[in-house]
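Working notes, structure below.
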Amino acid sequence: KTKAASFALRLFTTPMKGFIKKEQIKFLDSAFQEEFEYDSIPIITYRWPGNNKTVLLAHGWESNSARWEKLVHQLKAKHYNIIALDAPAHGNSGSRRFTAILYSEFINVVTQRFQPEIIVGHSVGGMATMFAFEKYKYDHVEKLVLLGSPSEFHEILHRYTKMLHINKRVYKSLELLIQERFNKLPAEFSTAKSSSSINVDGLIIHDQTDPIIPYSDALEINKHLKKSKLITTQNLGHSLNDETVFDHVEAFLSQ
């Protein structure tokens with residue numbers, strides 16, 4: 001059972017996509033690229049300089065910094081200083097495995113370096129941002145934007161194991177394996193719980209029919225994040241890579 005659990009965890013932490021495609025290179029090459037490190041793992045960042053506030057962008061699972069192209073163009077027009085980072089095992093960053101905890105440490109390294117006033121996270125990028133914020137308590141961050149972000153880690157794990165038809169005993173072993181590695185049970189990793197200790201303005205955008213992360217996750221986070229506003233979209237799916245979404249983001253940043 002432990003062998004099966006180890007295999008399941010390895011699969012769960014290994015992205016199959018997220019590599020940079022040919023057509024994305026040109027956009028990423030328009031940025032200043034800089035490398036940092038966490039625990040000897042390379043973190044690749046992209047910077048489009050501006051004299052407005054600094055915005056950090058954290059992409060989601062099986063994606064990379066090129067997913068922000070539309071938003072970057074929009075924010076550049078308003079002269080924001082924009083930084084994006086590639087997550088562990090994604091884009092040009094290092095590591096063969098991905099976890100939201102490791103991602104939160106990447107986000108922290110980049111946050112300490114660039115001191116952004118605003119952080120925008122898509123999907124697990126939002127979750128990792130909240131984990132970093134809860135742990136490191138940034139006093140320079142004024143606003144947070146969560147796009148299609150998950151609330152409860154154990155629910156993601158549960159959906160994943162259901163998809164793989166993993167039985168209850170293996171699931172139990174998997175939970176214990178995670179506890180062994182991270183000193184917490186899956187149920188303790190929660191964006192909503194992390195949110196309750198955070199006191200900055202938040203914008204949550206989630207699609208009502210998101211097929212990957214249920215809309216109820218947004219309601220849960222919104223309940224815990226003290227100064228948050230929830231915007232619900234229709235038929236934009238999980239990616240939310242849409243002008244109407246980015247118009248909401250831009251309006252929120254300029255408030």
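Residues in the structure tokens are named by chain (A, B, ... in the order shown) and by number from 1 within that chain; ligands are numbered from 1 in the order shown.
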Legend entry - Surrounding residues of region 190-206 of chain A excluding itself and chain neighbours under 3 positions, 7 Å, only C-alpha atoms, as a list in words: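 With the cut-off at 7 Å, the set is Met127, Met130, Phe131, Glu134, Glu142, Lys143, Leu144, Val145, Leu146, Leu147, Gly148, Ser151, Glu152, Phe153, Ala187, Tyr215, Ala218, Glu220, Ile221, His224, Leu225, Lys226, Lys227, Ser228, Lys229, Leu230, Ile231, Thr232 and Thr233 of chain A.
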Legend entry - Residue contacts of Leu174 (chain A) (7 Å, only C-alpha atoms) excluding same-chain residues fewer than 3 positions away, as a list in words: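 Close residues of Leu174 (chain A): Ala5, Leu9, Val170, Tyr171, Leu177 and Ile178 of chain A.
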Saved selection, atoms kept: N, CA and C atoms, as a short mmCIF file (atom, residue, chain, number, x, y, z; two decimals), in the first residue's frame:
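Below is the file again.cif, written as the result:
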data_model
loop_
_atom_site.label_atom_id
_atom_site.label_comp_id
_atom_site.auth_asym_id
_atom_site.auth_seq_id
_atom_site.Cartn_x
_atom_site.Cartn_y
_atom_site.Cartn_z
N ALA A 5 0.95 4.25 -2.65
CA ALA A 5 0.79 5.65 -2.20
C ALA A 5 1.94 6.51 -2.70
N LEU A 9 1.61 9.67 -5.19
CA LEU A 9 2.12 11.00 -4.83
C LEU A 9 3.08 11.52 -5.89
N VAL A 170 -5.26 2.84 0.26
CA VAL A 170 -4.14 3.56 -0.38
C VAL A 170 -4.27 5.06 -0.10
N TYR A 171 -5.51 5.57 -0.11
CA TYR A 171 -5.75 6.98 0.17
C TYR A 171 -5.25 7.34 1.58
N LEU A 177 1.62 9.68 4.17
CA LEU A 177 2.86 10.00 3.46
C LEU A 177 3.04 11.52 3.35
N ILE A 178 1.94 12.21 3.05
CA ILE A 178 1.97 13.68 2.95
C ILE A 178 2.27 14.28 4.33
#
Legend entry - Selection: 12 Å around Asp210 (chain A), only C-alpha atoms, excl. self and same-chain fewer than 6 positions, as a list of chain:residue names: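 Everything that qualifies: A:Ser123, A:Leu147, A:Gly148, A:Ser149, A:Pro150, A:Ser216, A:Asp217, A:Ala218, A:Thr232, A:Thr233, A:Gln234, A:Asn235, A:Leu236, A:Gly237, A:His238, A:Ser239, A:Leu240.
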Legend entry - Backbone DSSP call of alpha helix (DSSP H) for region 143-252 of chain A, listed as a PyMOL selection string: chain A and resi 153-163+168-182+191-195+215-224+243-252
Legend entry - Å distance separating CA of Gly121 (chain A) from CA of Ala58 (chain A), one decimal place: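 So the answer is 4.6 Å.
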Inset, instruction - Give me, please, the distance in Å between CA of Glu62 (chain A) and CA of Lys135 (chain A), quoted to one decimal. - result: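 Result for CA of Glu62 (chain A) versus CA of Lys135 (chain A): 24.8 Å, one decimal.
Each of A:Ile119, A:Phe36, A:Asp207, A:Ala132 was compared to Gly94 (chain A) using only C-alpha atoms, and A:Phe36 turns out to be the nearest.
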Legend entry - From A:Thr45, A:Asn241, A:Ser173, A:Gln179, residue lying nearest Ser6 (chain A) [only C-alpha atoms]: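 Among the listed residues, A:Ser173 lies closest to Ser6 (chain A).
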Inset, instruction - Check the smallest atom-to-atom distance from each of A:Leu56, A:Leu11, A:Leu164, A:Val249 to Gln112 (chain A) using only C-alpha atoms, then report the winner. - result: A:Leu56
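When DSSP is run on the backbone, the residues of region 80-213 of chain A that fall into strand (DSSP E or B) are Asn81, Ile82, Ile83, Ala84, Leu85, Ile118, Ile119, Val120, Gly121, His122, Lys143, Leu144, Val145, Leu146, Leu147, Glu152, Ser190, Asp201, Gly202, Leu203, Ile204, Ile205, His206 and Asp207 of chain A.
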Legend entry - Non-local contacts of Arg67 (chain A) (12 Å; only C-alpha atoms; under 5 positions in same chain excluded) as a list in words: Gly18, Phe19, Ile20, Lys21, Glu23, Gln24, Ile25, Phe27, Leu28, Leu57, Ala58, His59, Gly60, Trp61, Glu62, Val72, His73, Ala84, Leu85, Asp86, His90, Gly91, Gly121, His122, Ser239, Leu240, Asn241 and Asp242 of chain A
Restricting the output to C-alpha atoms, write the selected residues as a tab-separated table (two decimals), in the first residue's frame.
chain	number	residue	atom	x	y	z
A	18	GLY	CA	3.57	23.60	-18.48
A	19	PHE	CA	6.63	23.54	-20.71
A	20	ILE	CA	7.19	26.61	-22.85
A	21	LYS	CA	5.83	26.30	-26.38
A	23	GLU	CA	4.86	30.46	-29.88
A	24	GLN	CA	5.31	31.59	-26.25
A	25	ILE	CA	9.06	32.25	-26.52
A	27	PHE	CA	6.50	37.06	-25.57
A	28	LEU	CA	8.75	35.81	-22.75
A	57	LEU	CA	1.98	37.18	-11.25
A	58	ALA	CA	1.88	33.51	-10.17
A	59	HIS	CA	0.49	31.05	-12.77
A	60	GLY	CA	-1.30	27.75	-12.09
A	61	TRP	CA	-0.77	24.00	-12.59
A	62	GLU	CA	0.61	22.79	-15.95
A	72	VAL	CA	0.79	41.95	-19.10
A	73	HIS	CA	-0.12	44.01	-22.19
A	84	ALA	CA	6.04	36.86	-13.34
A	85	LEU	CA	7.65	33.68	-12.07
A	86	ASP	CA	7.64	30.10	-13.32
A	90	HIS	CA	7.05	24.47	-14.84
A	91	GLY	CA	8.28	26.80	-17.58
A	121	GLY	CA	-2.39	34.16	-8.50
A	122	HIS	CA	-4.24	31.84	-10.87
A	239	SER	CA	-8.47	29.55	-17.16
A	240	LEU	CA	-10.30	32.92	-16.86
A	241	ASN	CA	-7.87	34.11	-19.52
A	242	ASP	CA	-10.29	36.74	-20.72
Inset, instruction - Skip Arg169 (chain A) itself and residues of its chain fewer than 4 positions away, then list as number ranges by chain all residues within 12 Å of it, counting only C-alpha atoms. - result: A: 1-5, 161, 165, 173-176
Store the residues picked out above, limited to C-alpha atoms, as a PDB file, in the first residue's frame.
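For reference, out09.pdb as written:
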ATOM      1  CA  LYS A   1       0.000   0.000   0.000  1.00  0.00           C
ATOM      2  CA  THR A   2       2.864   2.381   0.799  1.00  0.00           C
ATOM      3  CA  LYS A   3       4.386   1.649  -2.602  1.00  0.00           C
ATOM      4  CA  ALA A   4       1.086   2.466  -4.291  1.00  0.00           C
ATOM      5  CA  ALA A   5       0.786   5.645  -2.205  1.00  0.00           C
ATOM      6  CA  THR A 161      -7.529   9.798  -6.226  1.00  0.00           C
ATOM      7  CA  HIS A 165      -9.734   4.811  -8.770  1.00  0.00           C
ATOM      8  CA  SER A 173      -1.428   5.741   3.201  1.00  0.00           C
ATOM      9  CA  LEU A 174      -1.200   8.732   0.860  1.00  0.00           C
ATOM     10  CA  GLU A 175      -2.482  11.061   3.596  1.00  0.00           C
ATOM     11  CA  LEU A 176       0.096   9.690   6.044  1.00  0.00           C
TER      12      LEU A 176
END
Inset, instruction - Within 6 Å of region 101-110 of chain A, counting only C-alpha atoms, which residues show up once you throw out same-chain ones fewer than 6 positions away? Write them as an MDAnalysis selection string, please. - result: chainID A and resid 87 128:129 132
